Every structure is written in structure tokens, then in C-alpha cells.
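Enquirer: Structure file target.txt, compact mmCIF, C-alpha atoms (C1' of nucleotides), is pasted below:
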```txt
# COMPACT_ATOMS: atom_id res chain seq x y z
CA MET A 1 95.10 61.59 -28.17
CA SER A 2 91.98 61.92 -30.28
CA PRO A 3 88.62 60.48 -29.32
CA PHE A 4 87.27 57.42 -31.12
CA THR A 5 83.67 56.71 -30.19
CA VAL A 6 81.89 53.51 -31.10
CA ALA A 7 78.31 52.50 -30.43
CA THR A 8 75.92 49.61 -30.85
CA TRP A 9 72.14 49.67 -31.15
CA ASN A 10 69.60 46.96 -31.81
CA VAL A 11 67.01 49.10 -33.59
CA ASN A 12 64.32 46.39 -34.01
CA SER A 13 63.51 47.42 -37.62
CA LEU A 14 65.54 50.18 -39.25
CA LYS A 15 62.51 51.16 -41.32
CA VAL A 16 60.50 51.98 -38.19
CA ARG A 17 63.44 53.52 -36.33
CA LEU A 18 65.11 55.67 -39.03
CA ALA A 19 63.89 58.93 -37.46
CA HIS A 20 65.16 57.78 -34.05
CA LEU A 21 68.52 56.99 -35.59
CA ARG A 22 68.68 60.47 -37.13
CA GLU A 23 67.87 62.03 -33.75
CA PHE A 24 70.44 59.88 -31.95
CA LEU A 25 73.22 60.61 -34.44
CA GLY A 26 72.46 64.32 -34.17
CA LEU A 27 72.89 64.21 -30.39
CA GLN A 28 76.02 62.06 -30.14
CA ALA A 29 79.52 62.39 -31.59
CA ILE A 30 79.85 58.88 -33.02
CA ASP A 31 82.69 57.62 -35.22
CA ALA A 32 81.33 54.11 -35.79
CA LEU A 33 77.91 52.63 -35.07
CA VAL A 34 76.76 49.06 -35.57
CA LEU A 35 73.08 48.23 -35.88
CA GLN A 36 71.26 44.96 -35.34
CA GLU A 37 67.84 43.71 -36.41
CA ILE A 38 67.55 46.08 -39.33
CA LYS A 39 65.02 43.56 -40.72
CA MET A 40 65.37 44.48 -44.38
CA GLU A 41 67.00 43.37 -47.59
CA ASP A 42 70.04 45.27 -48.84
CA LYS A 43 68.03 46.72 -51.74
CA ASP A 44 65.85 48.56 -49.18
CA PHE A 45 68.74 49.81 -47.01
CA PRO A 46 68.48 53.63 -46.68
CA ALA A 47 72.11 54.35 -47.59
CA ALA A 48 71.31 57.76 -49.09
CA ALA A 49 69.42 58.93 -45.98
CA LEU A 50 72.30 57.78 -43.78
CA GLU A 51 74.76 59.59 -46.01
CA GLU A 52 72.74 62.78 -45.49
CA MET A 53 73.21 62.20 -41.77
CA GLY A 54 76.96 62.22 -42.38
CA PHE A 55 77.72 58.51 -42.38
CA HIS A 56 79.11 55.95 -44.75
CA ALA A 57 76.89 52.91 -44.34
CA VAL A 58 77.19 49.29 -45.36
CA ALA A 59 74.61 46.60 -44.66
CA PHE A 60 74.28 42.86 -44.45
CA GLY A 61 70.56 42.29 -44.50
CA GLN A 62 67.92 39.72 -45.22
CA LYS A 63 64.16 39.70 -45.54
CA THR A 64 62.07 40.07 -42.33
CA TYR A 65 64.61 38.95 -39.72
CA ASN A 66 68.06 39.78 -38.35
CA GLY A 67 70.27 41.99 -40.49
CA VAL A 68 73.19 44.18 -39.40
CA ALA A 69 74.83 47.40 -40.57
CA LEU A 70 78.00 49.42 -40.03
CA LEU A 71 77.86 53.23 -40.09
CA THR A 72 81.09 55.21 -40.01
CA ARG A 73 82.01 58.90 -40.22
CA ALA A 74 85.09 58.08 -42.28
CA PRO A 75 84.85 55.35 -44.91
CA ALA A 76 85.47 51.88 -43.52
CA THR A 77 87.79 49.55 -45.38
CA ASP A 78 87.94 45.77 -45.77
CA ILE A 79 84.21 45.17 -45.26
CA VAL A 80 83.45 41.54 -44.40
CA ARG A 81 79.95 40.12 -44.04
CA GLY A 82 79.29 37.10 -41.84
CA ILE A 83 81.79 34.94 -39.97
CA PRO A 84 84.45 33.87 -42.48
CA GLY A 85 84.31 30.14 -43.14
CA TYR A 86 81.06 29.66 -41.19
CA ASP A 87 78.06 28.78 -43.31
CA ASP A 88 75.19 30.73 -41.74
CA PRO A 89 71.86 31.38 -43.48
CA GLN A 90 71.20 34.33 -41.14
CA ALA A 91 72.72 37.82 -41.54
CA ARG A 92 74.34 38.54 -38.18
CA VAL A 93 77.87 39.95 -38.54
CA ILE A 94 79.50 42.85 -40.38
CA ALA A 95 83.08 44.11 -40.03
CA GLY A 96 85.18 47.00 -41.26
CA THR A 97 88.33 48.89 -40.35
CA VAL A 98 88.18 52.53 -39.20
CA ARG A 99 91.07 54.58 -37.82
CA GLY A 100 93.15 51.41 -37.61
CA VAL A 101 90.57 49.63 -35.44
CA ARG A 102 88.78 46.51 -36.63
CA VAL A 103 85.10 47.16 -35.80
CA VAL A 104 82.87 44.10 -35.80
CA GLY A 105 79.11 44.31 -35.28
CA VAL A 106 77.39 41.14 -34.06
CA TYR A 107 73.84 39.99 -33.53
CA VAL A 108 74.10 36.79 -31.51
CA PRO A 109 71.10 34.44 -31.89
CA ASN A 110 68.37 34.77 -29.27
CA GLY A 111 68.21 31.06 -28.47
CA GLN A 112 64.48 31.12 -27.64
CA ALA A 113 64.55 28.53 -24.85
CA VAL A 114 67.16 26.30 -23.23
CA GLY A 115 67.13 22.92 -24.97
CA SER A 116 65.42 24.15 -28.14
CA ASP A 117 66.85 23.83 -31.66
CA LYS A 118 67.45 27.59 -31.62
CA TYR A 119 69.41 27.26 -28.39
CA ALA A 120 71.64 24.64 -30.02
CA TYR A 121 72.10 26.99 -32.99
CA LYS A 122 73.05 29.78 -30.57
CA LEU A 123 75.72 27.69 -28.86
CA GLY A 124 77.14 26.49 -32.19
CA TRP A 125 77.12 30.05 -33.48
CA LEU A 126 79.03 31.23 -30.40
CA GLU A 127 81.67 28.57 -31.08
CA ALA A 128 82.11 29.95 -34.58
CA LEU A 129 82.32 33.48 -33.16
CA THR A 130 85.03 32.29 -30.76
CA GLY A 131 87.20 31.14 -33.65
CA TYR A 132 86.59 34.42 -35.47
CA MET A 133 87.40 36.59 -32.47
CA GLN A 134 90.59 34.62 -31.88
CA ALA A 135 91.65 35.30 -35.47
CA LEU A 136 90.67 38.97 -35.16
CA VAL A 137 92.81 39.65 -32.13
CA ARG A 138 95.69 37.77 -33.72
CA ASP A 139 95.47 39.57 -37.07
CA HIS A 140 94.47 43.09 -36.03
CA GLY A 141 95.35 43.71 -32.38
CA GLN A 142 93.07 46.74 -32.07
CA VAL A 143 89.63 45.15 -32.23
CA VAL A 144 86.18 45.94 -30.91
CA VAL A 145 83.40 43.35 -31.25
CA LEU A 146 80.16 44.97 -30.17
CA GLY A 147 76.50 44.27 -30.51
CA ASP A 148 73.54 42.37 -29.13
CA TYR A 149 75.12 39.32 -27.49
CA ASN A 150 71.82 38.04 -26.10
CA ILE A 151 73.70 36.96 -22.95
CA ALA A 152 73.63 38.77 -19.60
CA PRO A 153 77.20 38.28 -18.32
CA ASP A 154 76.31 37.89 -14.64
CA ASP A 155 73.50 38.46 -12.18
CA ARG A 156 74.29 42.18 -11.84
CA ASP A 157 73.02 42.39 -15.40
CA VAL A 158 69.59 40.89 -14.62
CA HIS A 159 66.74 42.70 -12.89
CA ASP A 160 65.40 39.56 -11.21
CA PRO A 161 68.09 36.88 -11.15
CA ALA A 162 65.90 34.41 -9.28
CA ALA A 163 63.15 34.61 -11.89
CA TRP A 164 65.65 34.32 -14.74
CA ALA A 165 67.78 31.54 -13.22
CA GLY A 166 68.61 28.88 -15.80
CA GLN A 167 66.67 30.59 -18.59
CA VAL A 168 67.96 31.51 -21.99
CA HIS A 169 70.25 34.62 -21.88
CA VAL A 170 71.63 33.64 -18.46
CA SER A 171 72.13 29.85 -18.69
CA PRO A 172 75.50 28.49 -17.58
CA ALA A 173 76.39 27.26 -21.08
CA GLU A 174 75.77 30.72 -22.57
CA ARG A 175 77.74 32.47 -19.85
CA ALA A 176 80.58 29.97 -20.26
CA ALA A 177 80.64 30.70 -24.00
CA LEU A 178 80.84 34.43 -23.27
CA GLY A 179 83.62 33.74 -20.77
CA ARG A 180 85.60 31.94 -23.49
CA LEU A 181 85.32 35.02 -25.72
CA LEU A 182 86.75 37.19 -22.95
CA GLU A 183 89.56 34.71 -22.30
CA LEU A 184 90.78 35.27 -25.87
CA GLY A 185 91.88 38.71 -24.72
CA TYR A 186 88.78 40.93 -24.66
CA ARG A 187 87.22 43.18 -22.02
CA ASP A 188 83.57 43.94 -21.38
CA VAL A 189 84.33 47.66 -21.32
CA PHE A 190 81.16 48.73 -19.53
CA ARG A 191 82.22 46.54 -16.60
CA GLU A 192 85.71 48.03 -16.63
CA LEU A 193 84.13 51.30 -15.47
CA HIS A 194 80.87 50.41 -13.69
CA ALA A 195 80.77 47.67 -11.08
CA ASP A 196 77.26 48.09 -9.74
CA ALA A 197 74.10 46.20 -10.66
CA GLY A 198 71.00 47.58 -12.32
CA HIS A 199 72.38 48.91 -15.64
CA TYR A 200 70.38 47.41 -18.48
CA SER A 201 70.32 47.77 -22.26
CA TRP A 202 67.04 45.96 -23.00
CA TRP A 203 63.63 46.18 -21.38
CA ASP A 204 60.57 44.13 -22.26
CA TYR A 205 57.90 46.06 -24.13
CA ARG A 206 55.30 44.35 -21.97
CA ALA A 207 54.20 44.99 -18.42
CA GLY A 208 55.91 48.39 -18.10
CA GLY A 209 59.38 46.86 -18.32
CA PHE A 210 61.23 50.13 -18.92
CA ARG A 211 59.21 52.19 -16.45
CA ARG A 212 59.96 49.63 -13.74
CA ASN A 213 63.56 49.13 -14.93
CA HIS A 214 62.94 45.43 -15.45
CA GLY A 215 65.72 44.73 -17.92
CA LEU A 216 68.84 42.89 -18.94
CA ARG A 217 72.29 44.09 -19.96
CA ILE A 218 72.83 42.05 -23.12
CA ASP A 219 74.24 44.66 -25.51
CA LEU A 220 77.99 44.60 -24.97
CA VAL A 221 81.17 46.26 -26.18
CA LEU A 222 84.06 43.80 -26.09
CA ALA A 223 87.40 45.47 -26.80
CA SER A 224 90.71 43.68 -27.26
CA THR A 225 93.08 44.31 -24.39
CA ALA A 226 95.27 46.42 -26.71
CA LEU A 227 92.33 48.70 -27.48
CA ALA A 228 90.84 48.59 -23.98
CA ARG A 229 94.01 50.25 -22.69
CA HIS A 230 92.75 53.42 -24.36
CA LEU A 231 89.26 53.24 -22.85
CA GLN A 232 87.91 56.62 -21.73
CA GLY A 233 84.24 55.95 -21.05
CA CYS A 234 81.27 53.69 -21.64
CA ARG A 235 77.61 54.38 -21.08
CA ILE A 236 74.17 53.07 -21.90
CA GLU A 237 72.14 55.83 -23.52
CA ARG A 238 68.63 55.38 -22.12
CA GLU A 239 67.03 58.42 -23.69
CA PRO A 240 65.98 56.86 -27.01
CA ARG A 241 64.10 54.21 -25.02
CA THR A 242 61.88 57.04 -23.69
CA TRP A 243 60.94 58.26 -27.19
CA GLU A 244 57.65 57.44 -28.84
CA ARG A 245 57.56 53.96 -30.43
CA PRO A 246 61.06 53.00 -29.25
CA SER A 247 63.27 50.04 -29.91
CA ASP A 248 63.26 47.72 -26.90
CA HIS A 249 67.07 48.11 -26.78
CA ALA A 250 69.11 51.19 -25.81
CA PRO A 251 72.33 52.21 -27.56
CA VAL A 252 75.63 51.52 -25.79
CA ILE A 253 78.46 53.99 -26.43
CA ALA A 254 82.17 53.51 -25.71
CA GLU A 255 84.90 56.11 -26.12
CA PHE A 256 88.59 55.45 -26.62
CA GLY A 257 91.49 57.89 -26.78
CA LEU A 258 93.61 56.90 -29.76
CA PRO A 259 96.97 58.34 -30.77
CA ALA A 260 96.25 61.04 -33.35
C1' DA B 1 47.74 35.33 -14.18
C1' DT B 2 52.88 31.49 -18.60
C1' DG B 3 49.84 36.87 -19.86
C1' DG B 4 51.61 41.49 -21.05
C1' DC B 5 54.01 44.30 -26.38
C1' DT B 6 56.10 45.20 -31.07
C1' DA B 7 57.30 44.15 -35.98
C1' DA B 8 57.02 41.57 -40.48
C1' DC B 9 54.10 39.58 -43.56
C1' DA B 10 49.78 40.02 -44.92
C1' DT B 11 45.48 42.04 -44.55
C1' DG B 12 44.01 37.36 -39.91
C1' DG B 13 46.75 35.16 -37.46
C1' DT B 14 51.41 33.26 -37.22
C1' DT B 15 56.45 33.71 -36.22
C1' DA B 16 59.96 35.83 -33.59
C1' DG B 17 62.00 38.55 -30.31
C1' DA B 18 64.18 38.36 -25.03
```
Starting from the file, give its structure as C-alpha cells.
Expert:
Amino acid sequence: MSPFTVATWNVNSLKVRLAHLREFLGLQAIDALVLQEIKMEDKDFPAAALEEMGFHAVAFGQKTYNGVALLTRAPATDIVRGIPGYDDPQARVIAGTVRGVRVVGVYVPNGQAVGSDKYAYKLGWLEALTGYMQALVRDHGQVVVLGDYNIAPDDRDVHDPAAWAGQVHVSPAERAALGRLLELGYRDVFRELHADAGHYSWWDYRAGGFRRNHGLRIDLVLASTALARHLQGCRIEREPRTWERPSDHAPVIAEFGLPA
DNA sequence: ATGGCTAACATGGTTAGA
């Protein structure tokens, strides 16, 4: 068995967080990392700097908003940007194959507020993702779809469930959509190993959110059942959230033991 | 107490995040 370690991190601007990324990659043994909210066009993507850090990097960016990237130790093959067949003006998905595993980085829409146009876009987007994830598990078997899902799976993933009740990120329609993804044959691998409440991956910048551990667990690693069989560990790496000028999200790291 | 903070774009104040 040889370790295969994947991670996801919403960096909230790759330009601002490039030094944090360098520090993180120097501390962790990562085989594949997906980034969200890089907030830059592909022409500005720092591929050379990432190569110096030891990673092959491909991006799917746009100006100002959204944008995703896939960083891999070994070159990834069959790079696909966006959800195939789904016409989306926003750059939110990037996929590649590494070590026989299909690695798909996702940045699910925020949704802003229940009932808003952006909420409707989020639910429609999740329907498209459902079709894609069904095809992925059918065509590849060994699949991990990880990223910022912008949905807290259940109340253990919410610091104040009563205050959040019915709001965007926890609404029944969003949680039902996430449940349909899992029913395709995926596992929320953090929950496979940790059953207790209070583990979060995002904390509000305002009002001392991190200091008071007022957060949400919305950054998820969903592994196909075939891959999840090889799960060795999953953790939320809180340290980068303590660094100066941090992203509001922490990285989530999952390790699998694959046949060498 | 419906604020608080951060980033992009622009260079003041709006949009967006979650």
C-alpha cells in the first residue's frame, strides 16, 4: 500500500494567499490539492511559482470571482474544466486523473439567501453536479470529488444550529441535494472517521469567528465507495487559519492507502 | 446591535462571500 493524500482549500484569492500555499505545501505531504476562489484569470495563474513548489498546476479561472485549480505532484491526465454538458458562465469545477484516481475539485455556489436568484442557481447547479458525479462513479470507479460545497451536512457541522436554522448552507433543499450526491455511492470521508460535533472548515472573519470557534463544516471530501475502502485518515488543518491575513477557510486533507 | 471582516475593482463605494 502506498499513501495517496488529497486536499482541498478555498484560498479566497490565490494572489493574496500564494505565500500561505507555499508554507502549507512545505508542511504537508500532498499528492493532489484542489483550490477554490483563486479569483484570477488563467493568464495570471502562477504556474511557474507552483512548479517551483514541486507541483504540476492547471487552472480554470475567471476575472474577480470564483476560479478553481488542480495541483498534483505527478502530472494529471485528462484535464476537464467545468461540468461536461452544463453551460455555466462561472468557473467552478476542474478534474484530472492521478494515480488512477479521478480527482474533481468543486466550488459549489454560495446561494446568498434562501429564495434568491443565487439560491435557485445553486440548486440547479447541484442538479448538474449530481448528473456529473453519477457519470464519474460509473466511468471511473475510483473518484474523489472534493471542495467547498457550501452546505453543512447536518447540525453537528454548525456552531449554532438554532441561529442557522433554515438559512442558506443548511436549508433542507440544500441538504437533500447533498444527500442525493451521497446516494450515488459517495462517502463524506471526514464523517467516516469523526462522529462528534464542533469540527469546522470555515469561520467568519467578523466578530472573532475563529477565536470563538463559530464556524461551519462546508469543505468536504466525497470519495466513491470503491476509493473510500482505502481511507486511512481525514483531518481539517486549522493552522493556516491562525496565520496572518488568512483565508476564512481551512484546508481539509484525506489520506488513502492505494495498491502500489 | 441585521453589525462585525476581507478581497476585487478602482482609487469611493459597490459586489460578493458564508
Enquirer: Show me a table, sorted first by chain and then by increasing residue number, of the residues of region 195-256 of chain A having an atom at most 12 Å from region 5-15 of chain B, each with its shortest atom pair and the distance in Å to one decimal, counting only C-alpha atoms (C1' of nucleotides) and written as a tab-separated table.
Expert:
```
residue	atom	partner	partner_atom	distance
A:Trp203	CA	B:DC5	C1'	11.0
A:Asp204	CA	B:DC5	C1'	7.7
A:Tyr205	CA	B:DC5	C1'	4.8
A:Arg206	CA	B:DC5	C1'	4.6
A:Ala207	CA	B:DC5	C1'	8.0
A:Gly208	CA	B:DC5	C1'	9.4
A:Gly209	CA	B:DC5	C1'	10.0
A:Phe210	CA	B:DC5	C1'	11.9
A:Arg245	CA	B:DT6	C1'	8.9
A:Pro246	CA	B:DT6	C1'	9.4
A:Ser247	CA	B:DT6	C1'	8.7
A:Asp248	CA	B:DT6	C1'	8.7
```
Enquirer: Using all atoms listed in the file, which protein or nucleic acid residues come within 7 Å of region 89-93 of chain A? Drop anything in the same chain fewer than 4 positions from it, and give the result as a list of chain:residue names.
Expert: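 Selected residues are A:Phe60, A:Gly61, A:Gln62, A:Asn66, A:Gly67, A:Val68, A:Arg81, A:Gly82, A:Ile83, A:Gly105, A:Val106, A:Tyr107, A:Val108.
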Enquirer: Would you kindly identify which residues have an atom no farther than 12 Å from (85.2, 46.0, -15.7), using only C-alpha atoms (C1' of nucleotides) and the file's own coordinates, and write them out as a PyMOL selection string?
Expert: chain A and resi 153+182+186-196+220-223+225+228+231+233-234
Enquirer: When you look at DA18 (chain B) with a cut-off of 9 Å (counting all atoms listed in the file), what residues show up, excluding the ones that are within fewer than 5 positions of it in the same chain? I need them as a list of chain:residue names.
Expert: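 Within the cut-off, the hits are A:Asn110, A:Gln112, A:Asn150, A:Val168, A:His169, A:Trp202, A:Trp203, A:Asp204, A:Leu216.
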Enquirer: Just the number, please: distance in Å from CA of Ala32 (chain A) to CA of Val6 (chain A), one decimal.
Expert: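 Taking CA of Ala32 (chain A) and CA of Val6 (chain A), their separation equals 4.8 Å.
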Enquirer: If I take CA of Ala260 (chain A) and CA of Arg102 (chain A), how far is one from the other in Å, to one decimal?
Expert: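 These atoms are spaced 16.7 Å apart.
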Enquirer: So which residues are close to (69.8, 56.3, -33.2), meaning at most 10 Å away in the file's coordinates with only C-alpha atoms (C1' of nucleotides) counted, and can you show them as a list in words?
Expert: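 Residues close enough to count: Ala7, Thr8, Trp9, Asn10, Val11, Leu14, Arg17, Leu18, Ala19, His20, Leu21, Arg22, Glu23, Phe24, Leu25, Gly26, Leu27, Gln28, Leu33, Leu35, Glu237, Pro240, Ser247, Ala250 and Pro251 of chain A.
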Enquirer: Rounded to one decimal place, report the CA of Trp243 (chain A)-CA of Arg212 (chain A) distance in Å.
Expert: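 That distance, rounded to one decimal, is 16.0 Å.
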Enquirer: Name the residues in contact with region 74-79 of chain A at a cut-off of 9 Å, using all atoms listed in the file, excluding same-chain residues fewer than 6 positions from it; report them as a PDB file with C-alpha atoms, in the frame of the given file.
Expert:
```
ATOM      1  CA  ASP A  31      82.690  57.620 -35.220  1.00  0.00           C
ATOM      2  CA  ALA A  32      81.330  54.110 -35.790  1.00  0.00           C
ATOM      3  CA  PHE A  55      77.720  58.510 -42.380  1.00  0.00           C
ATOM      4  CA  HIS A  56      79.110  55.950 -44.750  1.00  0.00           C
ATOM      5  CA  ALA A  57      76.890  52.910 -44.340  1.00  0.00           C
ATOM      6  CA  VAL A  58      77.190  49.290 -45.360  1.00  0.00           C
ATOM      7  CA  ILE A  94      79.500  42.850 -40.380  1.00  0.00           C
ATOM      8  CA  ALA A  95      83.080  44.110 -40.030  1.00  0.00           C
ATOM      9  CA  GLY A  96      85.180  47.000 -41.260  1.00  0.00           C
ATOM     10  CA  THR A  97      88.330  48.890 -40.350  1.00  0.00           C
ATOM     11  CA  VAL A  98      88.180  52.530 -39.200  1.00  0.00           C
ATOM     12  CA  ARG A  99      91.070  54.580 -37.820  1.00  0.00           C
TER      13      ARG A  99
END
```
Enquirer: Near region 133-137 of chain A, counting all atoms listed in the file, which residues have an atom at most 10 Å away, once you skip same-chain residues fewer than 5 positions from it, shown as a VMD selection string?
Expert: chain A and resid 83 102 to 104 127 to 128 142 to 145 181 to 186 223 to 226
Enquirer: Please identify all polymer residues within 6 Å of Arg217 (chain A), counting all atoms listed in the file, omitting same-chain residues fewer than 4 positions from it, and present them as a VMD selection string.
Expert: chain A and resid 152 157 200 to 201
Enquirer: Restricting the calculation to all atoms listed in the file: of A:Pro109, A:Pro172, A:Gly147, A:Gly179, which residue gets closest to chain B?
Expert: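 Looking at the shortest contact to chain B, the residue is A:Pro109.
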Enquirer: Box for region 118-126 of chain A - axis-aligned, 4 Å on each of the six sides, all listed atoms - centre and size in Å to one decimal, as JSON.
Expert:
```
{"center_x": 73.2, "center_y": 27.9, "center_z": -30.9, "size_x": 19.6, "size_y": 14.6, "size_z": 13.1}
```
